[in-house]
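K.L.:
Handing you this structure, nothing more for now.
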Amino acid sequence: MTQDWRSHVPQLEDLARELGLDWSPVIFEAVPDSFMSEIAVYGLPVRMPHWSFGARYIYQLVQRHMGYSRLFEVVFPGNPGHAYLAASNGLSDNILVTAHVLGHADFSKNNMLFRRCQEQGNAHIVEHAASHARQIERNIETYGQEAVERVLDAALSLEQYIDLDQALRRQRYPEYATPVKPLVDDGFRARFAALDPGAGAVAAPRPVRAPIPPHPERDLLWFLATYAPEMESWERDIFLAVREESFYFYPVFATQIMNEGWASYWHARLLREADFIPQAAYLDAIKCHSDVVRPIAAGEQSALSVNPYHLGFTLWEEIVKHEGLDAARRIRREDDDFSFLRNHLTKEIATDMGLFRFQGQQNGQFKVLAGDIDELREGLLSGKYNFGAPRVAVTEVRSDGTLVLRHDATLDGRGLDVDRARKVLEYVRSVWRRPVLLKTVDAAAKAVELSAENVAAA
Amino acid sequence: MEPGPNEPSLPKINGWYELFSRGARDWLRHSDKIRDAVRDHLPQIIAGSDIINHGARSVQVPVRMLEHFRFRLRADGEPSGVGQGNAKPGDVLGAPNPSGGAGQKGPGGRGRGAPELMLEFKVDDVIDWLWEDLQLPNLQPRSGPSDEMQWKREGWDRRGARSRLDRRRSLKEAVKRRAQGPGGKSFTDEDLRYRQLTRRRSPSVNATVFFLLDVSGSMTERDRQLAKTFFFWVAAGLRREYQSLEIVFVAHTTEAWEFNEPDFFKVTGSGGTVASVGLAKVGEIMADRCNCASTNVYLFYASDGDNASDDAAAARTELEAVARRARYSGYVEVTAGTPRSTPTETAKIFKEVVACGMAGGRFVISGPDDITTAVRHFFTAEAQAAQADASGSAP
């Protein structure tokens, strides 16, 4: 880590402002590589403890050891934002990374999805997550590892089940069903009422208690935290903490291609236009850039995955070239990955990039398929729907307290993996503390009902 | 409030990060959980036969990483996706799997597979888990006291060696004395109490275990390995339970030999099977060396059950003779792979002998997973037999 690159930060910032980037201040911090891997595993610099992160951590260490992934930076949106740079970055790496970070900061300040989640109170997610972590560590001291882990097992396995259309601080369902609207008053009704003045008052409908949930509820974390019959308040807090973090993760997840592409576009452009950067550093940085947005590993003909940096970068280049910077800014404000790919990944671009669909075969090889652009876009997006999780919603709470979940196999195209689903139901059951059922379909598209097994006497 | 170049919050490696790794902490917790769940892997650990030959004090076991379950769609045929590069429709990419199945992928496997890790367990711990629920009848004196004398602590005296001063007792005496006549000294020589020792006959907790192994040609390498693994864990367990345990290792084909322990676990052989010879050898050693009055004698016989057909009567007589003297006779039938539908020759004679009222039992081991169950089977049965024996109401 050299001191030099920081002298370029204000110049880069001035240039970025000239080019119309608009961001909240960012705090840069250099951290050791080990901490970078932890950020990659946890998704946040300080996050709640759970054994599943430990498993991912080792996996990440192995990967890093084998040289598969190297992390240059991680940015957390907010006001101020936080950017963590790997301490092993060289001067040119850090110039590139700073420019990249400015791109991200501009994106997260202006993109509607990010804005909405931040306006919900998530502008300080780094601090909030750290405070959740502290709280949960205190819970472990008070209630013991096992008890806290039981709650975290359940909450984190349902991490993706939030409802972005609802507020982060969400109210309980109205207790009574909305009464049927009185019919439009007309002359006849007025005359009829006048016949017997007492009748109108009697006819006022009695309020009807709304069922819980009044409609299928996909915000499982909130529902469990709010309506679980016997949950302790600290357990509810853990569910809500996980939910708050998911509100932060969703925009990151749902705009990954756009966001990385935008940041890559801007670091490339800022470097190109920054005449104050020494020649050698510029060359190194550009080399680093081409590594980052490289679609295919060196020496390979093709890859069985698409580098989101490359895809996003290419699309933004095209957009700026054909529609101009203003249009690009509008798109960056309004789109997410779904609309971005559907609107801007054209057949020509896909052909130029060499994108193709493939299908695995019995012998472990992969066959390249012919396909139109719609299928290609679907292939790129299919893992992203519903936060990447099967659609499961609460449909009913029976009078004996049984929680009934339903999996929407029609939309997802097929049923759930039954063994895993049962395990998740066990997690849920241990916090719901009543029977838990799940309806899905089996391989023959026949409806099946799963329930949690091995019910431990709680 | 844009951070300028001179702002103190700009990069400086914060020492805090080096002090503590959340990832490592959660990884330790993950390992702990695996250890907790390790009893599911007990059969695998037991079957790790390296330790028999190498005498290691720990076993390495491959364990899958724990999965934190989530809702997932059912796997739907082969994976598909979108790739990029120089490829035309119809091209085939990637190398075919050599094994044909979805086996071990190289380090390049992209999917989030479940890497295996090696965990090391101490043999002593494994024995603990294996024998945890088994109550061995080791504390029942067989019949009367043995010849061995033992120093035991018994009573107190006012004189004795300093090292045997009982402080608590002495303090009590002092308190008593002061209660009788207040105002005395806090301690006098009269208050001191010393523990005393006497010699007593110790109850019999001796045991002799006979391991009889059929090493004839019909026993495959795998059969032998299974039998030896079984013997290894039984020996390891019994050794911890009995203060003085003698294990006699005998192997037979058409002849019988006694071995020392390391050789026994290496023994191989060929030729026919005559069970009576092996059993006779056991009987001989038993008569020779064991004082059956004060020793618990056990017999475990492992064979594939293919006894020579003309040996049935002789084998039965010998077995009866041995079983009469033994506290328990167990027969382990090893049939690697295919369990048999009809009882074998050897199984038949064990059945008959047990039917005559002698304590004994049989168990079939057809794979490494059965070894745990076999050990449990024999030692639960044995413990029950011993209980019945002790209460004097053997059916």
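Labels used: A, B, ... for chains in the order of the structure tokens, numbers from 1 for residues in each chain, and numbers from 1 for ligands as shown.
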Any chance you could list, as an MDAnalysis selection string, the residues in region 113-356 of chain B that come up strand (DSSP E) when DSSP is run on the backbone?
P.N.:
chainID B and resid 116:122 145:157 194:203 206:214 244:252 256:259 295:303 328:334
K.L.:
Using only C-alpha atoms, find which residues of chain A lie within 6 Å of chain B and jot them down as a PyMOL selection string.
P.N.:
chain A and resi 25+28-31+50-51+54-55+57+157+301-306+354-360+363-370+379+415-417+420-421+424
K.L.:
Which residues come within 9 Å of Val151 (chain A), counting only C-alpha atoms, excluding same-chain residues fewer than 4 positions away, as a list in words?
P.N.:
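Contacts, with the query itself left out: Glu146, Ala147, Ala155, Leu156, Glu235, Arg236, Ile238, Phe239, Tyr427, Val428, Ser430 and Val431 of chain A.
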K.L.:
Mind dumping the selected residues with C-alpha atoms as a PDB file, in the first residue's frame?
P.N.:
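Output contents, as saved in result-v3.pdb:
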ATOM      1  CA  GLU A 146     -27.830 -23.503  21.071  1.00  0.00           C
ATOM      2  CA  ALA A 147     -30.885 -21.363  21.589  1.00  0.00           C
ATOM      3  CA  ALA A 155     -34.028 -16.889  10.067  1.00  0.00           C
ATOM      4  CA  LEU A 156     -31.014 -17.173   7.792  1.00  0.00           C
ATOM      5  CA  GLU A 235     -35.985 -14.130  18.893  1.00  0.00           C
ATOM      6  CA  ARG A 236     -38.283 -11.797  16.993  1.00  0.00           C
ATOM      7  CA  ILE A 238     -33.167 -11.681  15.340  1.00  0.00           C
ATOM      8  CA  PHE A 239     -35.698 -12.322  12.593  1.00  0.00           C
ATOM      9  CA  TYR A 427     -35.880 -24.991  11.370  1.00  0.00           C
ATOM     10  CA  VAL A 428     -39.151 -23.086  11.081  1.00  0.00           C
ATOM     11  CA  SER A 430     -38.415 -24.870  16.133  1.00  0.00           C
ATOM     12  CA  VAL A 431     -39.312 -21.189  16.268  1.00  0.00           C
TER      13      VAL A 431
END
K.L.:
Kindly give the distance, in Å, that separates CA of Gly271 (chain B) and CA of His252 (chain B), rounded to a single decimal.
P.N.:
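CA of His252 (chain B) lies 9.7 Å from CA of Gly271 (chain B).
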K.L.:
Mind checking which residues fall within 10 Å of region 343-351 of chain A, counting only C-alpha atoms, ignoring those fewer than 6 positions away in the same chain, and posting them as an mmCIF file with C-alpha atoms, in the first residue's frame?
P.N.:
data_model
loop_
_atom_site.group_PDB
_atom_site.id
_atom_site.type_symbol
_atom_site.label_atom_id
_atom_site.label_comp_id
_atom_site.auth_asym_id
_atom_site.auth_seq_id
_atom_site.Cartn_x
_atom_site.Cartn_y
_atom_site.Cartn_z
ATOM 1 C CA LEU A 311 -21.835 -8.065 -19.769
ATOM 2 C CA GLY A 312 -22.737 -4.878 -17.917
ATOM 3 C CA THR A 314 -20.546 -3.923 -22.842
ATOM 4 C CA LEU A 315 -24.183 -2.930 -22.501
ATOM 5 C CA TRP A 316 -23.355 0.450 -20.955
ATOM 6 C CA GLU A 318 -23.442 0.473 -26.297
ATOM 7 C CA ILE A 319 -26.055 2.554 -24.535
ATOM 8 C CA ILE A 331 -31.584 3.990 -17.339
ATOM 9 C CA ASP A 335 -33.886 -0.037 -14.305
ATOM 10 C CA ASP A 337 -31.206 -6.181 -14.099
ATOM 11 C CA ASP A 372 -33.477 -16.778 -29.753
ATOM 12 C CA ILE A 373 -32.636 -13.711 -27.744
ATOM 13 C CA ASP A 374 -35.628 -14.083 -25.422
ATOM 14 C CA LEU A 376 -31.003 -16.155 -23.803
ATOM 15 C CA ARG A 377 -32.225 -13.319 -21.600
ATOM 16 C CA GLN B 84 -19.864 -16.966 -23.586
ATOM 17 C CA GLY B 85 -17.167 -17.471 -26.168
#
K.L.:
Check the smallest atom-to-atom distance from each of B:Arg240, B:Lys228, B:Arg201, B:Arg195 to Asp214 (chain B) using only C-alpha atoms, then report the winner.
P.N.:
B:Lys228
K.L.:
When DSSP is applied to the backbone of this structure, which of region 173-393 of chain A are assigned alpha helix (DSSP H)? Write them out as an NGL selection string.
P.N.:
:A and (187-195 or 199-202 or 220-227 or 233-254 or 256-273 or 279-292 or 308-334 or 337-344 or 347-353 or 373-381)
K.L.:
Leaving out Phe249 (chain B) and any residue of its chain fewer than 4 positions from it, which residues lie within 6 Å of it when counting only C-alpha atoms, given as a PyMOL selection string?
P.N.:
chain B and resi 211+258-259
K.L.:
Given the choices B:Val282, B:Ala207, B:Val297, B:Ala275, which gets closest to Glu345 (chain B) if the distance is worked out from only C-alpha atoms?
P.N.:
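Ranked by minimum distance to Glu345 (chain B), first place goes to B:Ala275.
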K.L.:
For His407 (chain A), please output as a ChimeraX atom specification all residues within 7 Å (counting only C-alpha atoms; exclusion window: fewer than 5 positions along the same chain).
P.N.:
/A:391-393,439-440
K.L.:
So how far away is CA of Trp151 (chain B) from CA of Gly237 (chain B), in Å?
P.N.:
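Value for the CA of Gly237 (chain B)-CA of Trp151 (chain B) distance: 26.8 Å.
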K.L.:
Pick out the residues sitting within 9 Å of Gln150 (chain B), and hand them over as a ChimeraX atom specification; count only C-alpha atoms, and ignore anything fewer than 3 positions along from it in its own chain.
P.N.:
/B:198-202
K.L.:
What's the separation between CA of Arg164 (chain B) and CA of Arg178 (chain B), in Å to one decimal place?
P.N.:
23.7 Å
